[in-house]
Amino acid sequence: MSVIFERVALIGLGLIGSSLAHAMRRGNIAGHVSGHARSEATRATVTRLGFCHSVHATMEEAVRDADLVMLCLPVGALGPAMAQIAPHLKKGAIVSDVGSVKSAVIRDCGPHVPDGVHFIPGHPIAGTEHSGPEAGFAELFDGRWCILTPLSGADHVAVEKLSAFWRACGSRLEVMEPRHHDLVLAITSHLPHLIAYNIVGTAADLEEVTQSEVIKYSAGGFRDFTRIAASDPVMWRDVFLNNREAVLEMLQRFTEDLTALQRAIRWGDGDALFNLFARTRAIRRSIIEAGQDVAATNFGRNPEKK
Ligand code: NAP
C-alpha cells in the first residue's frame, strides 16, 4: 500500500490512538507518525513499544507540519485540545477525531478551527473494554464501520482522503448527519453501556445475595455485562455528559418497554415474553450474517472454562 499522508499526528495514545499507529505501520499508510500524550508514563510506554516515530511532551510539537491530526482523547477533552493546537496547524491540514459523540464535538471544536484547515469529525465503531497505549492492536478496525460526519460545505477531496485513510486501516466507511449518528449510537452503544453499568452496580449493592455468590455464579449471564461495565470510566462519563438528549430519548423508550415486560411477567403473559424473545434471536442472527460477530458458542470462549 502507498503512503496516504506524509505526516500524521496522534493526540492521545490510548486504545484508539495506539491502534491507529499499529494499523498505519501495518499498511505503510503514513511516512511519519508523531504522538502526544499528557502523562510522562504513557509517553515512556509509547517510546518503549516504538509504535510512533516521535513522541512529544506538547500537542504543539506533535502537530507541527502534520497533514493529518487525529484527536484520540475523551470527548470532554476535544474542544480544549482543538483550541490549543489551532495556531500550530499547517494550512491545508485535515483534523479529525475519534470521539463517540459527534454533535457536542462539533459544538466544542468547530469554533476553534482556523481558516484553511479541514475539520472532519469521525468515529470508528470498534473498541474493546481495555484502555491505554498497551491495549492497541493493528486489527482493531478490520471489517468495522467508521462513521464520518463532515460539516456542510466540507471539502470533498479532504473527505475522500480521510476515507481512504480509514479504508487503509481496515474500516468500512459511512457518512452521516451528526445528530443521526448520536441517535444511532445512543441505542447501539451508549444505552447498552448504561444498562451494563447499572446491572453490575445493582448486583454489587445487594444484601441478601452476597457479592461472592454474584461472582461465583456469573456464568449465568452476568459476566457478559461485566465485560462492558469494565470500560474506561472517564471515556464513558464524557459520553453520557455529551450525548444527553439522545441517550435520554432512547432511555425513555427503553423504560416503557421494560414496564411492558414487567407487566407481562406479573400477569403471566407467556405469549408476550415468547414473542419478544423470538424476535430478539433474529437480531442476533442478522449481526452474525452482517459479519459483525461470529456465531461461536459462548462468544468463542473455551468451553472448559465455562
Ligand atoms: P484511552 O485508552 O483511555 O486513552 C485516552 C488518551 O487520552 C490517553 O493518551 C490519555 O492520556 C489522554 N487523555 C485523557 N484525558 C485527557 C485530558 N483531559 N487531556 C488530555 N489528554 C487526555 O481512551 P480510548 O479508548 O483510546 O478513547 C479515546 C477516544 O476514542 C474517546 O473519545 C472515545 O470516546 C473514543 N472511542 C473509544 C472506543 C473504545 O472502545 N474505547 C471506541 C471508539 C471511539 P494519558 O495516557 O497520558 O493519561
# chains A, B, ... in the order shown; residues from 1 in each chain; ligands from 1
>>> residues_near_ligand(ligand="ligand 1", cutoff="8 Å", atoms="only C-alpha atoms and all ligand atoms", output="PyMOL selection string")
chain A and resi 11-18+36-43+71-78+81+97-101+123-133+135+231-232+234-236+238-239
>>> select_by_dssp(residues="stretch 72-263 of chain A", states="alpha helix (DSSP H)", output="MDAnalysis selection string")
chainID A and resid 78:85 103:109 156:168 178:185 191:205 211:216 222:228 233:242 244:263
>>> residues_around(residues="A:Phe51", least_positions_apart="5", cutoff="8 Å", atoms="only C-alpha atoms", output="count of residues only")
5
>>> closest_residue(among="A:Ser96, A:Asn28, A:Ser218, A:Ser152", to="A:Val3", atoms="only C-alpha atoms")
A:Asn28
>>> residues_around(residues="A:Thr188", least_positions_apart="6", cutoff="12 Å", atoms="only C-alpha atoms", output="list in words")
Ser100, Ile125, His181, Asp182, Leu194, Ile195, Ala246, Val247, Met250, Leu251 and Ile287 of chain A
>>> write_last_selection(atoms="N, CA and C atoms", output="mmCIF file, in the first residue's frame")
data_model
loop_
_atom_site.group_PDB
_atom_site.id
_atom_site.type_symbol
_atom_site.label_atom_id
_atom_site.label_comp_id
_atom_site.auth_asym_id
_atom_site.auth_seq_id
_atom_site.Cartn_x
_atom_site.Cartn_y
_atom_site.Cartn_z
ATOM 1 N N SER A 100 -16.803 9.342 20.542
ATOM 2 C CA SER A 100 -18.007 8.515 20.420
ATOM 3 C C SER A 100 -19.295 9.320 20.282
ATOM 4 N N ILE A 125 -16.389 2.582 14.773
ATOM 5 C CA ILE A 125 -17.255 1.756 15.638
ATOM 6 C C ILE A 125 -16.497 0.473 15.935
ATOM 7 N N HIS A 181 -26.091 10.245 13.817
ATOM 8 C CA HIS A 181 -25.038 9.413 14.429
ATOM 9 C C HIS A 181 -25.294 9.268 15.932
ATOM 10 N N ASP A 182 -25.577 10.385 16.591
ATOM 11 C CA ASP A 182 -25.724 10.361 18.050
ATOM 12 C C ASP A 182 -26.927 9.518 18.487
ATOM 13 N N LEU A 194 -24.871 1.821 29.577
ATOM 14 C CA LEU A 194 -25.579 2.305 30.768
ATOM 15 C C LEU A 194 -26.258 1.141 31.498
ATOM 16 N N ILE A 195 -26.870 0.255 30.721
ATOM 17 C CA ILE A 195 -27.550 -0.912 31.308
ATOM 18 C C ILE A 195 -26.518 -1.802 32.022
ATOM 19 N N ALA A 246 -29.934 12.467 23.235
ATOM 20 C CA ALA A 246 -30.189 11.214 22.502
ATOM 21 C C ALA A 246 -30.294 10.041 23.477
ATOM 22 N N VAL A 247 -29.442 10.020 24.496
ATOM 23 C CA VAL A 247 -29.486 8.910 25.465
ATOM 24 C C VAL A 247 -30.796 8.968 26.251
ATOM 25 N N MET A 250 -33.643 7.608 24.104
ATOM 26 C CA MET A 250 -33.625 6.146 24.000
ATOM 27 C C MET A 250 -33.975 5.492 25.349
ATOM 28 N N LEU A 251 -33.535 6.118 26.422
ATOM 29 C CA LEU A 251 -33.809 5.588 27.765
ATOM 30 C C LEU A 251 -35.303 5.623 28.070
ATOM 31 N N ILE A 287 -26.815 -9.902 12.975
ATOM 32 C CA ILE A 287 -25.493 -9.338 13.296
ATOM 33 C C ILE A 287 -24.398 -10.290 12.812
#
>>> atom_distance(atom1="atom CA of A:Ile199", atom2="atom CA of A:Thr226")
8.8 Å
>>> closest_residue(among="A:Glu134, A:Ile187, A:Glu245, A:Arg172", to="A:Arg48", atoms="only C-alpha atoms")
A:Glu134
>>> select_by_dssp(residues="stretch 172-212 of chain A", states="strand (DSSP E)", output="list in words")
Arg172, Leu173, Glu174 and Val175 of chain A
>>> write_last_selection(atoms="N, CA and C atoms", output="PDB file, in the first residue's frame")
ATOM      1  N   ARG A 172     -14.676   0.003   7.094  1.00  0.00           N
ATOM      2  CA  ARG A 172     -15.682   0.301   6.078  1.00  0.00           C
ATOM      3  C   ARG A 172     -16.225   1.684   6.421  1.00  0.00           C
ATOM      4  N   LEU A 173     -16.588   2.447   5.394  1.00  0.00           N
ATOM      5  CA  LEU A 173     -16.918   3.857   5.603  1.00  0.00           C
ATOM      6  C   LEU A 173     -18.394   4.172   5.460  1.00  0.00           C
ATOM      7  N   GLU A 174     -18.886   5.071   6.305  1.00  0.00           N
ATOM      8  CA  GLU A 174     -20.263   5.558   6.220  1.00  0.00           C
ATOM      9  C   GLU A 174     -20.226   7.048   6.522  1.00  0.00           C
ATOM     10  N   VAL A 175     -21.087   7.808   5.839  1.00  0.00           N
ATOM     11  CA  VAL A 175     -21.192   9.242   6.131  1.00  0.00           C
ATOM     12  C   VAL A 175     -22.580   9.501   6.693  1.00  0.00           C
TER      13      VAL A 175
END
>>> atom_distance(atom1="atom CA of A:Ser163", atom2="atom CA of A:Val69")
14.1 Å
>>> atom_distance(atom1="atom CA of A:Gly122", atom2="atom CA of A:Ile228")
22.3 Å
>>> residues_around(residues="A:His193", least_positions_apart="4", cutoff="7 Å", atoms="only C-alpha atoms", output="list of chain:residue names")
A:Ser189, A:Tyr197, A:Ile228, A:Ala229
>>> residues_around(residues="A:Leu276", least_positions_apart="6", cutoff="12 Å", atoms="only C-alpha atoms", output="PyMOL selection string")
chain A and resi 257-258+260-261+264+269-270+282-283
>>> residues_around(residues="A:Glu61", least_positions_apart="2", cutoff="12 Å", atoms="only C-alpha atoms", output="list in words")
Ala9, Leu10, Ile11, Ser34, Gly35, His36, Ala37, Ser54, Val55, His56, Ala57, Thr58, Met59, Val63, Arg64, Asp65, Ala66, Val69, Gln84, Ile85, Pro87, His88 and Leu89 of chain A
>>> write_last_selection(atoms="N, CA, C and O atoms", output="PDB file, in the first residue's frame")
ATOM      1  N   ALA A   9      -0.250  13.143  12.977  1.00  0.00           N
ATOM      2  CA  ALA A   9      -0.054  13.371  14.411  1.00  0.00           C
ATOM      3  C   ALA A   9      -1.199  12.736  15.179  1.00  0.00           C
ATOM      4  O   ALA A   9      -2.372  12.945  14.846  1.00  0.00           O
ATOM      5  N   LEU A  10      -0.857  11.968  16.192  1.00  0.00           N
ATOM      6  CA  LEU A  10      -1.871  11.354  17.062  1.00  0.00           C
ATOM      7  C   LEU A  10      -1.851  12.090  18.389  1.00  0.00           C
ATOM      8  O   LEU A  10      -0.823  12.095  19.090  1.00  0.00           O
ATOM      9  N   ILE A  11      -2.967  12.724  18.734  1.00  0.00           N
ATOM     10  CA  ILE A  11      -3.068  13.412  20.022  1.00  0.00           C
ATOM     11  C   ILE A  11      -3.899  12.501  20.924  1.00  0.00           C
ATOM     12  O   ILE A  11      -5.108  12.353  20.730  1.00  0.00           O
ATOM     13  N   SER A  34       3.779  11.117  14.476  1.00  0.00           N
ATOM     14  CA  SER A  34       4.198  11.736  15.738  1.00  0.00           C
ATOM     15  C   SER A  34       3.071  11.556  16.735  1.00  0.00           C
ATOM     16  O   SER A  34       1.894  11.531  16.357  1.00  0.00           O
ATOM     17  N   GLY A  35       3.427  11.413  18.009  1.00  0.00           N
ATOM     18  CA  GLY A  35       2.396  11.183  19.017  1.00  0.00           C
ATOM     19  C   GLY A  35       2.569  12.081  20.220  1.00  0.00           C
ATOM     20  O   GLY A  35       3.685  12.501  20.537  1.00  0.00           O
ATOM     21  N   HIS A  36       1.424  12.388  20.843  1.00  0.00           N
ATOM     22  CA  HIS A  36       1.471  13.148  22.102  1.00  0.00           C
ATOM     23  C   HIS A  36       0.527  12.515  23.120  1.00  0.00           C
ATOM     24  O   HIS A  36      -0.603  12.154  22.792  1.00  0.00           O
ATOM     25  N   ALA A  37       1.006  12.358  24.350  1.00  0.00           N
ATOM     26  CA  ALA A  37       0.136  12.023  25.484  1.00  0.00           C
ATOM     27  C   ALA A  37       0.533  12.939  26.624  1.00  0.00           C
ATOM     28  O   ALA A  37       1.699  13.341  26.726  1.00  0.00           O
ATOM     29  N   SER A  54       8.016   9.585  16.510  1.00  0.00           N
ATOM     30  CA  SER A  54       8.466  10.556  17.502  1.00  0.00           C
ATOM     31  C   SER A  54       7.369  10.772  18.541  1.00  0.00           C
ATOM     32  O   SER A  54       6.184  10.717  18.215  1.00  0.00           O
ATOM     33  N   VAL A  55       7.773  10.967  19.790  1.00  0.00           N
ATOM     34  CA  VAL A  55       6.821  11.158  20.894  1.00  0.00           C
ATOM     35  C   VAL A  55       7.115  12.523  21.518  1.00  0.00           C
ATOM     36  O   VAL A  55       8.280  12.846  21.781  1.00  0.00           O
ATOM     37  N   HIS A  56       6.058  13.331  21.719  1.00  0.00           N
ATOM     38  CA  HIS A  56       6.250  14.718  22.146  1.00  0.00           C
ATOM     39  C   HIS A  56       5.509  15.027  23.444  1.00  0.00           C
ATOM     40  O   HIS A  56       4.403  14.534  23.662  1.00  0.00           O
ATOM     41  N   ALA A  57       6.120  15.909  24.233  1.00  0.00           N
ATOM     42  CA  ALA A  57       5.518  16.278  25.512  1.00  0.00           C
ATOM     43  C   ALA A  57       4.397  17.303  25.335  1.00  0.00           C
ATOM     44  O   ALA A  57       3.550  17.465  26.208  1.00  0.00           O
ATOM     45  N   THR A  58       4.402  18.022  24.197  1.00  0.00           N
ATOM     46  CA  THR A  58       3.337  19.008  23.977  1.00  0.00           C
ATOM     47  C   THR A  58       2.584  18.700  22.677  1.00  0.00           C
ATOM     48  O   THR A  58       3.155  18.140  21.735  1.00  0.00           O
ATOM     49  N   MET A  59       1.312  19.110  22.659  1.00  0.00           N
ATOM     50  CA  MET A  59       0.495  18.932  21.448  1.00  0.00           C
ATOM     51  C   MET A  59       1.070  19.765  20.302  1.00  0.00           C
ATOM     52  O   MET A  59       1.075  19.348  19.153  1.00  0.00           O
ATOM     53  N   VAL A  63       1.882  18.329  16.455  1.00  0.00           N
ATOM     54  CA  VAL A  63       1.101  18.643  15.246  1.00  0.00           C
ATOM     55  C   VAL A  63       1.904  19.426  14.195  1.00  0.00           C
ATOM     56  O   VAL A  63       1.411  19.640  13.087  1.00  0.00           O
ATOM     57  N   ARG A  64       3.127  19.835  14.550  1.00  0.00           N
ATOM     58  CA  ARG A  64       3.917  20.654  13.618  1.00  0.00           C
ATOM     59  C   ARG A  64       4.083  19.931  12.269  1.00  0.00           C
ATOM     60  O   ARG A  64       4.500  18.789  12.219  1.00  0.00           O
ATOM     61  N   ASP A  65       3.694  20.610  11.191  1.00  0.00           N
ATOM     62  CA  ASP A  65       3.838  20.087   9.809  1.00  0.00           C
ATOM     63  C   ASP A  65       2.962  18.874   9.506  1.00  0.00           C
ATOM     64  O   ASP A  65       3.141  18.221   8.468  1.00  0.00           O
ATOM     65  N   ALA A  66       2.031  18.521  10.408  1.00  0.00           N
ATOM     66  CA  ALA A  66       1.217  17.317  10.169  1.00  0.00           C
ATOM     67  C   ALA A  66       0.190  17.567   9.063  1.00  0.00           C
ATOM     68  O   ALA A  66      -0.415  18.638   8.983  1.00  0.00           O
ATOM     69  N   VAL A  69      -4.172  15.330  11.543  1.00  0.00           N
ATOM     70  CA  VAL A  69      -4.109  15.300  13.007  1.00  0.00           C
ATOM     71  C   VAL A  69      -5.318  14.520  13.491  1.00  0.00           C
ATOM     72  O   VAL A  69      -6.456  14.857  13.157  1.00  0.00           O
ATOM     73  N   GLN A  84      -6.068  24.514  21.628  1.00  0.00           N
ATOM     74  CA  GLN A  84      -4.626  24.555  21.885  1.00  0.00           C
ATOM     75  C   GLN A  84      -3.785  24.347  20.619  1.00  0.00           C
ATOM     76  O   GLN A  84      -2.775  25.013  20.431  1.00  0.00           O
ATOM     77  N   ILE A  85      -4.229  23.442  19.746  1.00  0.00           N
ATOM     78  CA  ILE A  85      -3.399  23.146  18.558  1.00  0.00           C
ATOM     79  C   ILE A  85      -3.649  24.129  17.413  1.00  0.00           C
ATOM     80  O   ILE A  85      -2.805  24.274  16.525  1.00  0.00           O
ATOM     81  N   PRO A  87      -3.441  27.319  16.544  1.00  0.00           N
ATOM     82  CA  PRO A  87      -2.453  28.235  15.953  1.00  0.00           C
ATOM     83  C   PRO A  87      -1.258  27.519  15.346  1.00  0.00           C
ATOM     84  O   PRO A  87      -0.455  28.149  14.655  1.00  0.00           O
ATOM     85  N   HIS A  88      -1.117  26.222  15.587  1.00  0.00           N
ATOM     86  CA  HIS A  88       0.090  25.494  15.148  1.00  0.00           C
ATOM     87  C   HIS A  88      -0.169  24.568  13.964  1.00  0.00           C
ATOM     88  O   HIS A  88       0.703  23.811  13.569  1.00  0.00           O
ATOM     89  N   LEU A  89      -1.399  24.603  13.431  1.00  0.00           N
ATOM     90  CA  LEU A  89      -1.746  23.676  12.339  1.00  0.00           C
ATOM     91  C   LEU A  89      -1.246  24.202  10.999  1.00  0.00           C
ATOM     92  O   LEU A  89      -1.267  25.418  10.737  1.00  0.00           O
TER      93      LEU A  89
END
